[in-house]
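Chemist: I'd like to ask you about the structure that follows.
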Amino acid sequence: MSKKYFGLVALVLLLSLALFGCGGQSAEEQSGGNEGQAEEINYDGEIKIGLMIPLTGSEATYGKDMENAMKMAADEINAEGGILGKKLVTISGDTAADPQQSTSAATKLVSSNVVSVVGGYSSGATLPTLNVFADANIPQIIPVANSTKIIDENPGNAIQINGTGFHQAEKALELFEGIWDIEKLA
């Protein structure tokens, strides 16, 4: 795997923390509603990032590669001092590319107190996790799943960084039109 890919994974992890912070509560909830008083949040020296990936089932090979890449990126970040001095820890949730198992994996990650989730390999298995993470106020970065339904059903905490299937097909058609004189693609 290339350094460019590891850099992208590290960037996604860092963006998830930068965009959503390291907590699941609003500033008012964290301070107990006391306006004007800031309270520091402590994380016991680590920041937990959930990985939603297929580690069993028909897509396990790809899931294991994704897990290894994200763990290597976390190791590189930790070797440079972590994030804000905190160690980055990954916790994997096995989706098996199955909607029911994905829901169980999402619940496991919520119970593990992750502050953000990176993952969503197959659209069918990603869709039922959207509300699980939204209900827990946990941001979810979806790097692979590409269904337009993710856009329609996103409760507001998920970021889909991959183009949708519609957009991918549109770009493929543009490519084919540019290479060959194609008027219609079946």
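Labels used: A, B, ... for chains in the order of the structure tokens, numbers from 1 for residues in each chain, and numbers from 1 for ligands as shown.
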Set the distance at 9 Å and use only C-alpha atoms: which residues neighbour A:Tyr121 once local chain neighbours fewer than 2 positions away are removed? I'd like the list as a list in words.

Modeler: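 Final neighbour list, sorted by chain and number: Met52, Ile53, Pro54, Glu59, Tyr62, Gly63, Thr95, Ala97, Gly119, Ser123, Gly124, Ala125, Thr126, Ile142, Pro143, Val144, Ala145 and Asn146 of chain A.
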
Chemist: Let me see the file: selected residues, C-alpha atoms, as a CSV table (one decimal), in the first residue's frame.

Modeler:
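Listing of result.csv after writing:
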chain,number,residue,atom,x,y,z
A,52,MET,CA,-16.8,-0.3,10.6
A,53,ILE,CA,-15.4,-2.9,8.3
A,54,PRO,CA,-16.2,-6.5,7.0
A,59,GLU,CA,-15.8,-9.2,1.8
A,62,TYR,CA,-11.0,-6.2,1.8
A,63,GLY,CA,-12.0,-5.4,5.3
A,95,THR,CA,-20.0,-5.7,9.7
A,97,ALA,CA,-21.2,-6.7,4.9
A,119,GLY,CA,-16.1,2.9,7.8
A,123,SER,CA,-24.1,0.5,1.3
A,124,GLY,CA,-26.7,-2.1,2.4
A,125,ALA,CA,-24.7,-2.7,5.6
A,126,THR,CA,-24.0,1.0,6.2
A,142,ILE,CA,-18.1,6.8,5.1
A,143,PRO,CA,-15.2,6.1,2.7
A,144,VAL,CA,-16.5,3.4,0.4
A,145,ALA,CA,-20.3,2.9,0.4
A,146,ASN,CA,-21.8,4.8,-2.5
